Structures are given as C-alpha cells and as structure tokens.
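See below for query_5.pdb, which holds PDB, C-alpha atoms, pLDDT in the B column.
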```pdb
ATOM      1  CA  MET A   1       1.541  33.554 -43.077  1.00 40.00           C
ATOM      2  CA  ALA A   2       0.991  30.239 -44.765  1.00 41.00           C
ATOM      3  CA  GLU A   3       1.752  31.342 -48.321  1.00 47.00           C
ATOM      4  CA  ARG A   4       5.119  32.322 -49.667  1.00 47.00           C
ATOM      5  CA  LEU A   5       5.096  36.054 -50.371  1.00 56.00           C
ATOM      6  CA  GLN A   6       7.121  37.621 -53.159  1.00 73.00           C
ATOM      7  CA  PHE A   7       7.568  40.745 -51.059  1.00 86.00           C
ATOM      8  CA  LEU A   8       6.853  41.540 -47.429  1.00 94.00           C
ATOM      9  CA  ARG A   9       4.933  44.799 -47.499  1.00 96.00           C
ATOM     10  CA  ILE A  10       6.008  46.963 -44.561  1.00 97.00           C
ATOM     11  CA  LEU A  11       4.497  50.138 -43.115  1.00 98.00           C
ATOM     12  CA  ILE A  12       6.791  52.257 -40.914  1.00 97.00           C
ATOM     13  CA  VAL A  13       5.083  54.151 -38.087  1.00 97.00           C
ATOM     14  CA  GLU A  14       7.482  56.528 -36.347  1.00 95.00           C
ATOM     15  CA  ASP A  15       7.190  60.220 -35.451  1.00 93.00           C
ATOM     16  CA  HIS A  16      10.844  61.141 -36.102  1.00 94.00           C
ATOM     17  CA  ALA A  17      11.576  61.807 -39.775  1.00 95.00           C
ATOM     18  CA  LEU A  18      15.258  60.902 -39.522  1.00 95.00           C
ATOM     19  CA  VAL A  19      14.444  57.556 -37.907  1.00 95.00           C
ATOM     20  CA  ARG A  20      11.850  56.824 -40.596  1.00 95.00           C
ATOM     21  CA  ALA A  21      14.382  57.633 -43.301  1.00 96.00           C
ATOM     22  CA  GLY A  22      16.959  55.356 -41.671  1.00 95.00           C
ATOM     23  CA  LEU A  23      14.505  52.478 -41.377  1.00 96.00           C
ATOM     24  CA  GLN A  24      13.363  52.991 -44.961  1.00 96.00           C
ATOM     25  CA  ALA A  25      16.956  52.864 -46.201  1.00 96.00           C
ATOM     26  CA  LEU A  26      17.804  49.816 -44.087  1.00 95.00           C
ATOM     27  CA  LEU A  27      14.761  47.737 -44.960  1.00 96.00           C
ATOM     28  CA  SER A  28      14.895  48.651 -48.644  1.00 93.00           C
ATOM     29  CA  GLN A  29      18.292  46.969 -48.879  1.00 93.00           C
ATOM     30  CA  ASP A  30      16.590  43.605 -48.455  1.00 93.00           C
ATOM     31  CA  PRO A  31      15.140  42.304 -51.749  1.00 93.00           C
ATOM     32  CA  GLU A  32      12.357  40.513 -49.855  1.00 93.00           C
ATOM     33  CA  PHE A  33      11.059  43.720 -48.268  1.00 96.00           C
ATOM     34  CA  GLU A  34       8.958  46.483 -49.782  1.00 95.00           C
ATOM     35  CA  VAL A  35       8.323  49.585 -47.658  1.00 96.00           C
ATOM     36  CA  VAL A  36       4.897  50.639 -48.895  1.00 97.00           C
ATOM     37  CA  GLY A  37       4.414  53.705 -46.722  1.00 97.00           C
ATOM     38  CA  GLU A  38       5.093  55.721 -43.599  1.00 97.00           C
ATOM     39  CA  ALA A  39       3.069  57.419 -40.866  1.00 96.00           C
ATOM     40  CA  ASP A  40       4.111  59.704 -38.027  1.00 94.00           C
ATOM     41  CA  ASN A  41       1.159  59.104 -35.691  1.00 93.00           C
ATOM     42  CA  GLY A  42      -1.258  56.362 -34.756  1.00 93.00           C
ATOM     43  CA  ARG A  43      -4.327  57.786 -36.467  1.00 94.00           C
ATOM     44  CA  ASP A  44      -2.565  58.063 -39.822  1.00 96.00           C
ATOM     45  CA  ALA A  45      -1.157  54.573 -39.264  1.00 96.00           C
ATOM     46  CA  VAL A  46      -4.640  53.055 -38.974  1.00 96.00           C
ATOM     47  CA  ARG A  47      -5.699  54.863 -42.147  1.00 96.00           C
ATOM     48  CA  ALA A  48      -2.547  53.757 -43.985  1.00 97.00           C
ATOM     49  CA  VAL A  49      -3.080  50.118 -43.065  1.00 97.00           C
ATOM     50  CA  GLY A  50      -6.525  50.246 -44.668  1.00 96.00           C
ATOM     51  CA  GLU A  51      -5.208  51.895 -47.814  1.00 97.00           C
ATOM     52  CA  LEU A  52      -1.841  50.182 -48.284  1.00 96.00           C
ATOM     53  CA  LYS A  53      -2.584  46.723 -46.854  1.00 95.00           C
ATOM     54  CA  PRO A  54       0.878  45.975 -45.429  1.00 97.00           C
ATOM     55  CA  HIS A  55       1.821  42.542 -44.116  1.00 96.00           C
ATOM     56  CA  VAL A  56       3.844  44.023 -41.235  1.00 97.00           C
ATOM     57  CA  VAL A  57       3.535  47.313 -39.382  1.00 98.00           C
ATOM     58  CA  LEU A  58       6.705  48.528 -37.685  1.00 97.00           C
ATOM     59  CA  MET A  59       5.231  50.482 -34.774  1.00 97.00           C
ATOM     60  CA  ASP A  60       6.744  53.052 -32.434  1.00 94.00           C
ATOM     61  CA  LEU A  61       4.903  53.567 -29.140  1.00 93.00           C
ATOM     62  CA  THR A  62       5.437  57.212 -28.196  1.00 89.00           C
ATOM     63  CA  MET A  63       3.797  59.471 -30.770  1.00 88.00           C
ATOM     64  CA  PRO A  64       1.576  62.579 -30.744  1.00 84.00           C
ATOM     65  CA  GLY A  65      -2.175  62.238 -30.994  1.00 85.00           C
ATOM     66  CA  MET A  66      -3.047  58.551 -31.070  1.00 88.00           C
ATOM     67  CA  ASN A  67      -0.061  56.716 -29.593  1.00 90.00           C
ATOM     68  CA  GLY A  68       1.291  53.372 -30.666  1.00 91.00           C
ATOM     69  CA  MET A  69      -0.583  51.357 -28.058  1.00 90.00           C
ATOM     70  CA  GLU A  70      -3.920  52.798 -29.153  1.00 91.00           C
ATOM     71  CA  ALA A  71      -3.002  52.265 -32.789  1.00 94.00           C
ATOM     72  CA  ILE A  72      -2.190  48.594 -32.160  1.00 93.00           C
ATOM     73  CA  LEU A  73      -5.610  48.061 -30.588  1.00 91.00           C
ATOM     74  CA  ASP A  74      -7.409  49.822 -33.439  1.00 94.00           C
ATOM     75  CA  ILE A  75      -5.450  48.099 -36.207  1.00 95.00           C
ATOM     76  CA  LYS A  76      -5.975  44.649 -34.699  1.00 91.00           C
ATOM     77  CA  ARG A  77      -9.693  45.353 -34.302  1.00 91.00           C
ATOM     78  CA  ARG A  78     -10.099  46.510 -37.902  1.00 95.00           C
ATOM     79  CA  PHE A  79      -7.449  44.391 -39.624  1.00 95.00           C
ATOM     80  CA  PRO A  80      -6.769  41.307 -37.474  1.00 90.00           C
ATOM     81  CA  GLY A  81      -4.577  39.682 -40.114  1.00 91.00           C
ATOM     82  CA  VAL A  82      -1.991  42.476 -40.108  1.00 95.00           C
ATOM     83  CA  ARG A  83       1.118  41.674 -38.081  1.00 93.00           C
ATOM     84  CA  ILE A  84       2.566  44.358 -35.792  1.00 95.00           C
ATOM     85  CA  LEU A  85       6.173  44.580 -34.621  1.00 96.00           C
ATOM     86  CA  VAL A  86       6.836  47.183 -31.941  1.00 96.00           C
ATOM     87  CA  LEU A  87      10.132  49.049 -32.382  1.00 96.00           C
ATOM     88  CA  THR A  88      10.799  51.281 -29.406  1.00 93.00           C
ATOM     89  CA  LEU A  89      13.223  52.629 -26.821  1.00 91.00           C
ATOM     90  CA  HIS A  90      10.996  51.419 -23.977  1.00 89.00           C
ATOM     91  CA  LYS A  91      12.253  48.233 -22.365  1.00 84.00           C
ATOM     92  CA  THR A  92      10.300  48.244 -19.099  1.00 80.00           C
ATOM     93  CA  GLU A  93       7.980  45.342 -18.350  1.00 74.00           C
ATOM     94  CA  GLU A  94       4.990  47.709 -18.278  1.00 76.00           C
ATOM     95  CA  PHE A  95       5.401  48.701 -21.934  1.00 84.00           C
ATOM     96  CA  VAL A  96       6.248  45.180 -23.092  1.00 83.00           C
ATOM     97  CA  LEU A  97       3.253  43.524 -21.469  1.00 75.00           C
ATOM     98  CA  ALA A  98       0.831  46.296 -22.437  1.00 80.00           C
ATOM     99  CA  SER A  99       1.932  46.067 -26.080  1.00 85.00           C
ATOM    100  CA  LEU A 100       1.519  42.298 -26.199  1.00 79.00           C
ATOM    101  CA  ARG A 101      -1.874  42.522 -24.508  1.00 76.00           C
ATOM    102  CA  ALA A 102      -2.936  45.132 -27.064  1.00 83.00           C
ATOM    103  CA  GLY A 103      -2.131  42.665 -29.823  1.00 84.00           C
ATOM    104  CA  ALA A 104       1.474  43.284 -30.869  1.00 88.00           C
ATOM    105  CA  ASP A 105       3.083  40.239 -32.462  1.00 87.00           C
ATOM    106  CA  GLY A 106       6.636  41.181 -31.553  1.00 89.00           C
ATOM    107  CA  TYR A 107       8.676  43.666 -29.562  1.00 92.00           C
ATOM    108  CA  ILE A 108      12.173  44.827 -30.439  1.00 94.00           C
ATOM    109  CA  LEU A 109      14.323  47.657 -29.138  1.00 93.00           C
ATOM    110  CA  LYS A 110      15.780  50.470 -31.228  1.00 92.00           C
ATOM    111  CA  GLU A 111      19.228  49.460 -30.036  1.00 91.00           C
ATOM    112  CA  ALA A 112      18.880  46.194 -31.980  1.00 91.00           C
ATOM    113  CA  THR A 113      21.229  45.402 -34.845  1.00 93.00           C
ATOM    114  CA  PRO A 114      20.028  45.664 -38.462  1.00 94.00           C
ATOM    115  CA  GLY A 115      20.224  41.882 -38.713  1.00 94.00           C
ATOM    116  CA  GLU A 116      17.976  41.388 -35.701  1.00 94.00           C
ATOM    117  CA  LEU A 117      15.440  43.858 -37.055  1.00 95.00           C
ATOM    118  CA  ARG A 118      15.241  42.006 -40.366  1.00 95.00           C
ATOM    119  CA  ALA A 119      14.927  38.680 -38.533  1.00 94.00           C
ATOM    120  CA  ALA A 120      12.142  40.094 -36.348  1.00 94.00           C
ATOM    121  CA  VAL A 121      10.204  41.355 -39.373  1.00 95.00           C
ATOM    122  CA  ARG A 122      10.451  37.941 -41.027  1.00 94.00           C
ATOM    123  CA  ALA A 123       9.437  36.162 -37.832  1.00 89.00           C
ATOM    124  CA  VAL A 124       6.250  38.130 -37.216  1.00 90.00           C
ATOM    125  CA  ALA A 125       5.362  38.034 -40.923  1.00 92.00           C
ATOM    126  CA  SER A 126       5.492  34.224 -40.807  1.00 87.00           C
ATOM    127  CA  GLY A 127       3.084  34.124 -37.869  1.00 82.00           C
ATOM    128  CA  LYS A 128       5.614  33.800 -35.053  1.00 80.00           C
ATOM    129  CA  THR A 129       6.055  35.887 -31.927  1.00 80.00           C
ATOM    130  CA  TYR A 130       9.347  37.787 -31.689  1.00 86.00           C
ATOM    131  CA  LEU A 131      10.802  39.226 -28.495  1.00 86.00           C
ATOM    132  CA  SER A 132      14.312  40.683 -28.489  1.00 85.00           C
ATOM    133  CA  GLN A 133      16.704  39.090 -26.021  1.00 78.00           C
ATOM    134  CA  ASP A 134      16.600  42.038 -23.623  1.00 77.00           C
ATOM    135  CA  VAL A 135      12.819  41.983 -23.695  1.00 77.00           C
ATOM    136  CA  LEU A 136      12.762  38.208 -23.315  1.00 73.00           C
ATOM    137  CA  ARG A 137      14.877  38.441 -20.163  1.00 69.00           C
ATOM    138  CA  LYS A 138      12.605  41.174 -18.840  1.00 66.00           C
ATOM    139  CA  VAL A 139       9.350  39.250 -19.169  1.00 63.00           C
ATOM    140  CA  VAL A 140      10.803  35.905 -18.108  1.00 59.00           C
ATOM    141  CA  SER A 141      12.531  37.237 -15.010  1.00 58.00           C
ATOM    142  CA  GLU A 142      10.351  37.337 -11.914  1.00 45.00           C
ATOM    143  CA  ASP A 143      11.449  36.888  -8.314  1.00 39.00           C
ATOM    144  CA  PRO A 144      15.127  36.221  -7.571  1.00 36.00           C
ATOM    145  CA  GLY A 145      15.946  32.670  -8.584  1.00 38.00           C
ATOM    146  CA  ARG A 146      12.969  32.337 -10.933  1.00 41.00           C
ATOM    147  CA  GLY A 147      15.067  32.875 -14.032  1.00 42.00           C
ATOM    148  CA  SER A 148      17.461  30.058 -13.245  1.00 38.00           C
ATOM    149  CA  SER A 149      14.600  27.671 -12.531  1.00 40.00           C
ATOM    150  CA  LEU A 150      13.068  28.441 -15.923  1.00 42.00           C
ATOM    151  CA  ALA A 151      16.305  27.420 -17.591  1.00 40.00           C
ATOM    152  CA  THR A 152      16.035  23.896 -16.190  1.00 38.00           C
ATOM    153  CA  ASN A 153      13.861  21.088 -17.477  1.00 51.00           C
ATOM    154  CA  GLY A 154      12.221  20.424 -14.093  1.00 69.00           C
ATOM    155  CA  VAL A 155       9.036  22.429 -14.631  1.00 80.00           C
ATOM    156  CA  TRP A 156       8.931  21.609 -18.318  1.00 83.00           C
ATOM    157  CA  ASP A 157       8.846  17.897 -17.544  1.00 83.00           C
ATOM    158  CA  THR A 158       5.675  18.355 -15.471  1.00 87.00           C
ATOM    159  CA  LEU A 159       3.708  19.732 -18.436  1.00 89.00           C
ATOM    160  CA  THR A 160       1.418  17.332 -20.222  1.00 91.00           C
ATOM    161  CA  GLN A 161       1.495  17.053 -24.015  1.00 92.00           C
ATOM    162  CA  ARG A 162      -1.805  18.923 -24.205  1.00 93.00           C
ATOM    163  CA  GLU A 163      -0.473  21.715 -21.995  1.00 92.00           C
ATOM    164  CA  ARG A 164       2.552  22.049 -24.272  1.00 91.00           C
ATOM    165  CA  GLU A 165       0.273  22.273 -27.302  1.00 93.00           C
ATOM    166  CA  VAL A 166      -1.779  24.996 -25.623  1.00 94.00           C
ATOM    167  CA  LEU A 167       1.392  26.818 -24.580  1.00 91.00           C
ATOM    168  CA  LYS A 168       2.650  26.861 -28.174  1.00 90.00           C
ATOM    169  CA  LEU A 169      -0.645  28.193 -29.497  1.00 90.00           C
ATOM    170  CA  VAL A 170      -0.830  30.878 -26.795  1.00 87.00           C
ATOM    171  CA  ALA A 171       2.679  31.965 -27.730  1.00 81.00           C
ATOM    172  CA  GLU A 172       1.582  32.217 -31.371  1.00 81.00           C
ATOM    173  CA  GLY A 173      -1.020  34.745 -30.282  1.00 78.00           C
ATOM    174  CA  LYS A 174      -4.114  32.607 -30.739  1.00 83.00           C
ATOM    175  CA  SER A 175      -7.233  33.310 -28.682  1.00 86.00           C
ATOM    176  CA  ASN A 176      -8.863  30.723 -26.428  1.00 89.00           C
ATOM    177  CA  LYS A 177     -11.574  30.216 -29.045  1.00 91.00           C
ATOM    178  CA  ALA A 178      -9.037  29.739 -31.843  1.00 91.00           C
ATOM    179  CA  ILE A 179      -7.091  27.263 -29.707  1.00 93.00           C
ATOM    180  CA  ALA A 180     -10.282  25.415 -28.852  1.00 94.00           C
ATOM    181  CA  ASP A 181     -11.239  25.148 -32.532  1.00 94.00           C
ATOM    182  CA  TYR A 182      -7.741  24.013 -33.527  1.00 93.00           C
ATOM    183  CA  LEU A 183      -7.513  21.320 -30.839  1.00 93.00           C
ATOM    184  CA  PHE A 184     -11.216  20.324 -31.009  1.00 94.00           C
ATOM    185  CA  LEU A 185     -11.743  21.306 -27.385  1.00 93.00           C
ATOM    186  CA  SER A 186     -14.225  23.553 -25.625  1.00 94.00           C
ATOM    187  CA  ALA A 187     -13.169  27.100 -24.770  1.00 92.00           C
ATOM    188  CA  LYS A 188     -13.706  26.254 -21.104  1.00 93.00           C
ATOM    189  CA  THR A 189     -11.252  23.339 -21.341  1.00 94.00           C
ATOM    190  CA  VAL A 190      -8.669  25.605 -22.948  1.00 94.00           C
ATOM    191  CA  GLU A 191      -9.129  28.117 -20.126  1.00 93.00           C
ATOM    192  CA  LYS A 192      -8.455  25.344 -17.610  1.00 93.00           C
ATOM    193  CA  HIS A 193      -5.275  24.301 -19.440  1.00 93.00           C
ATOM    194  CA  ARG A 194      -4.072  27.934 -19.469  1.00 91.00           C
ATOM    195  CA  ALA A 195      -4.784  28.281 -15.754  1.00 90.00           C
ATOM    196  CA  LYS A 196      -2.808  25.103 -15.013  1.00 90.00           C
ATOM    197  CA  LEU A 197       0.075  26.364 -17.136  1.00 88.00           C
ATOM    198  CA  MET A 198       0.145  29.662 -15.248  1.00 84.00           C
ATOM    199  CA  ALA A 199       0.110  27.828 -11.913  1.00 86.00           C
ATOM    200  CA  LYS A 200       2.796  25.296 -12.815  1.00 86.00           C
ATOM    201  CA  LEU A 201       5.126  27.910 -14.301  1.00 81.00           C
ATOM    202  CA  GLY A 202       4.397  30.565 -11.699  1.00 76.00           C
ATOM    203  CA  MET A 203       3.422  33.093 -14.385  1.00 73.00           C
ATOM    204  CA  ARG A 204       0.630  35.610 -14.462  1.00 68.00           C
ATOM    205  CA  ASN A 205       0.176  36.621 -18.104  1.00 68.00           C
ATOM    206  CA  ALA A 206       0.335  35.494 -21.727  1.00 73.00           C
ATOM    207  CA  ALA A 207       3.489  37.517 -22.391  1.00 68.00           C
ATOM    208  CA  ALA A 208       5.438  35.525 -19.821  1.00 70.00           C
ATOM    209  CA  LEU A 209       4.071  32.312 -21.326  1.00 79.00           C
ATOM    210  CA  THR A 210       5.210  33.520 -24.747  1.00 78.00           C
ATOM    211  CA  ALA A 211       8.691  34.271 -23.456  1.00 73.00           C
ATOM    212  CA  TYR A 212       8.896  30.821 -21.867  1.00 77.00           C
ATOM    213  CA  ALA A 213       7.695  29.148 -25.074  1.00 80.00           C
ATOM    214  CA  ILE A 214      10.388  30.965 -27.040  1.00 72.00           C
ATOM    215  CA  GLN A 215      12.992  29.912 -24.493  1.00 70.00           C
ATOM    216  CA  LYS A 216      11.892  26.284 -24.873  1.00 76.00           C
ATOM    217  CA  GLY A 217      11.989  26.479 -28.672  1.00 74.00           C
ATOM    218  CA  LEU A 218       8.247  26.072 -29.231  1.00 79.00           C
ATOM    219  CA  VAL A 219       8.128  29.258 -31.320  1.00 67.00           C
ATOM    220  CA  GLY A 220      10.861  31.206 -33.072  1.00 56.00           C
ATOM    221  CA  SER A 221      12.566  34.118 -31.322  1.00 49.00           C
TER     222      SER A 221
END
```

Could you quickly redo this structure as structure tokens?
Amino acid sequence: MAERLQFLRILIVEDHALVRAGLQALLSQDPEFEVVGEADNGRDAVRAVGELKPHVVLMDLTMPGMNGMEAILDIKRRFPGVRILVLTLHKTEEFVLASLRAGADGYILKEATPGELRAAVRAVASGKTYLSQDVLRKVVSEDPGRGSSLATNGVWDTLTQREREVLKLVAEGKSNKAIADYLFLSAKTVEKHRAKLMAKLGMRNAAALTAYAIQKGLVGS
C-alpha cells in the first residue's frame, strides 16, 4: 500500500477456535495491528471482507464448506485490493503453488515464530510478496543441483535490465496487463519477456519466479 496506515486491519480466517484466539491475542499485542474480525470458513470470510474491509486477510486453507483456496479466488475477484496471507500447516509444493496462482500474496507456515508472522503481515500489507523460508526453499528447489545454481550470479548476469524489471513486477503479483501499462509495453511483449525469463531460469511458474526474485533481493521476503 502506498499510503501510511494508522492501523493494519486484519481479518483472521481459521476453523479452529483456539487457534483464532491465539492469533487474536498475538496480533493484538502489536500497536500497528487491529484485528477487525474472524471467520471459521471461506464463505463467511468473503462476506466479512465485504463488511469489515480489512487490509490483510490471514487465511487458513483447510476449512469446512468453502475452503481457503476457493475463498482466495472469490475474495480476489470481488475485492482485488485486499491482501491475503496464507497461514497453514501445508508445506507441499502443490499447496504453495495453487495458493499463489489463486491470488495469495504470501504463504507462511503455522510453525513460524510470532516475529515472522508479524513481519509477513507487514510485508503483504505494503504490497510485497512474502514466502517463509521453508516455502521459499520448496518452490525454488527443482532438480538436484538446481538450488545451488540459483544461488550463483551466473544466470542472473544473463538477464537484461528489462527482464529484471519484469521479474520484479511479476514477483509483486502484477498481471501482464498491469506490467505492460507500468513499463509502457504491449501485453504481448511482456509475455515474451516472461517466457524468456522462464527459459533462462529453468522455471515453469510465477511462484518460482517470485521465490527467485526474493532470493535476489528484488522484493522483500
């Protein structure tokens, strides 16, 4: 978010009452945070976003009725400006990538420390992508040896300045059209830059590009 907010309004979406109470107590300790509401399923979460207008939704994935993944899709369709941070036990690549494709702005595990959770909330609220370190390793790692090659500057040095700009904007969650408008390019040109990035880095999806951008310091982690 461009403006400085007096409070970050947070909606907690979690089907376990004890976990909700713990998150409420933890987040309420921070004077910059205001927990404006709770929901225990995806359908109520969508309704609460419309009524309470939070800046950040803290979203579990496994819930009865409408699950977290469906809720992310619906919230982003109805309220594209709302930022969503997934907080879950699931650390498999399948859940991570599906959440990011659905529109999640960050992904953190329930085993995270209180400090990391607060940092993640602030990061997504400010427009950044946040992936916890375990998740970052999961989406960056590919075939054996790929991880170590990503840590070097060899591939990075082959990227043009324009490709690095596109990479940063992809990692910030911007669409091809938004990137095209920002860089005064055509959407087709942006698509070509994304395809070249994927080929050079040996990656197949935006989540992996996001993880790489975080690793290279283009966006905050």

Residues matched by the PyMOL selection byres ((chain A and resi 121) around 9) as a ChimeraX atom specification = /A:8,10,56-58,84-85,106,116-120,122-126,130

Atom pair CA of Met66 (chain A) + CA of Ala48 (chain A), distance 13.8 Å

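A straight line drawn from CA of Lys200 (chain A) to CA of Glu93 (chain A) is 21.4 Å long.
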
Could you tell me which residues the PyMOL selection byres ((chain A and resi 55) around 6) returns for this structure, as a PDB file with C-alpha atoms, in the coordinates of the input?
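As a result, selection23.pdb now contains:
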```pdb
ATOM      1  CA  ARG A   9       4.933  44.799 -47.499  1.00 96.00           C
ATOM      2  CA  PRO A  54       0.878  45.975 -45.429  1.00 97.00           C
ATOM      3  CA  VAL A  56       3.844  44.023 -41.235  1.00 97.00           C
ATOM      4  CA  VAL A  82      -1.991  42.476 -40.108  1.00 95.00           C
TER       5      VAL A  82
END
```

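Coordinates place CA of Trp156 (chain A) at a distance of 8.4 Å from CA of Leu201 (chain A).
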
task: Run through the PyMOL selection byres ((chain A and resi 79) around 12) on the given coordinates and return the selected residues as a ChimeraX atom specification.
output: /A:45-57,71-78,80-84,103

Go ahead and dump the residues you just picked, C-alpha atoms, as a compact mmCIF listing (two decimals), keeping the file's coordinate frame.
```
# COMPACT_ATOMS: atom_id res chain seq x y z
CA ALA A 45 -1.16 54.57 -39.26
CA VAL A 46 -4.64 53.06 -38.97
CA ARG A 47 -5.70 54.86 -42.15
CA ALA A 48 -2.55 53.76 -43.98
CA VAL A 49 -3.08 50.12 -43.06
CA GLY A 50 -6.52 50.25 -44.67
CA GLU A 51 -5.21 51.90 -47.81
CA LEU A 52 -1.84 50.18 -48.28
CA LYS A 53 -2.58 46.72 -46.85
CA PRO A 54 0.88 45.98 -45.43
CA HIS A 55 1.82 42.54 -44.12
CA VAL A 56 3.84 44.02 -41.24
CA VAL A 57 3.54 47.31 -39.38
CA ALA A 71 -3.00 52.26 -32.79
CA ILE A 72 -2.19 48.59 -32.16
CA LEU A 73 -5.61 48.06 -30.59
CA ASP A 74 -7.41 49.82 -33.44
CA ILE A 75 -5.45 48.10 -36.21
CA LYS A 76 -5.98 44.65 -34.70
CA ARG A 77 -9.69 45.35 -34.30
CA ARG A 78 -10.10 46.51 -37.90
CA PRO A 80 -6.77 41.31 -37.47
CA GLY A 81 -4.58 39.68 -40.11
CA VAL A 82 -1.99 42.48 -40.11
CA ARG A 83 1.12 41.67 -38.08
CA ILE A 84 2.57 44.36 -35.79
CA GLY A 103 -2.13 42.66 -29.82
```

So that each row is one residue of region 32-105 of chain A with an atom at most 10 Å from region 161-177 of chain A, can you give its shortest atom pair and the distance in Å to one decimal, using only C-alpha atoms, rows by chain and rising number, as a Markdown table?
```
| residue | atom | partner | partner_atom | distance |
| --- | --- | --- | --- | --- |
| A:Leu100 | CA | A:Gly173 | CA | 9.0 |
| A:Arg101 | CA | A:Gly173 | CA | 9.7 |
| A:Gly103 | CA | A:Gly173 | CA | 8.0 |
| A:Ala104 | CA | A:Gly173 | CA | 8.9 |
| A:Asp105 | CA | A:Gly173 | CA | 7.2 |
```

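Among the candidates A:Ile214, A:Ala208, A:Asp157, A:Lys196, the residue lying nearest to Gln133 (chain A) is A:Ile214 (atoms considered: only C-alpha atoms).
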
Against region 19-32 of chain A, which residues of region 45-104 of chain A fall within 12 Å? For each one I want the closest pair of atoms and the distance in Å (one decimal), counting all atoms listed in the file, rows by chain and increasing residue number, as a Markdown table.
```
| residue | atom | partner | partner_atom | distance |
| --- | --- | --- | --- | --- |
| A:Leu58 | CA | A:Leu23 | CA | 9.5 |
| A:Met59 | CA | A:Arg20 | CA | 10.9 |
| A:Asp60 | CA | A:Arg20 | CA | 10.3 |
| A:Leu87 | CA | A:Leu23 | CA | 10.6 |
| A:Thr88 | CA | A:Val19 | CA | 11.2 |
```

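Considering only C-alpha atoms, the residue among A:Leu11, A:Met63, A:Leu131, A:Met69 positioned nearest to Gln215 (chain A) is A:Leu131.
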
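Closest approach to Thr129 (chain A) from the set A:Leu159, A:Leu185, A:Ala211, A:Leu18 is made by A:Ala211, with distances taken over only C-alpha atoms.
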
Could you put an axis-aligned box around every listed atom of region 123-137 of chain A, padded by 3 Å on each side, and send me its centre and edge lengths in Å to one decimal, as JSON?
```
{"center_x": 9.9, "center_y": 37.9, "center_z": -30.5, "size_x": 19.6, "size_y": 14.2, "size_z": 26.8}
```

Residues at most 12 Å from Ala199 (chain A), counting only C-alpha atoms, excluding those fewer than 6 positions away in the same chain, as a PyMOL selection string? chain A and resi 155+158-159+163+192-193+205+209
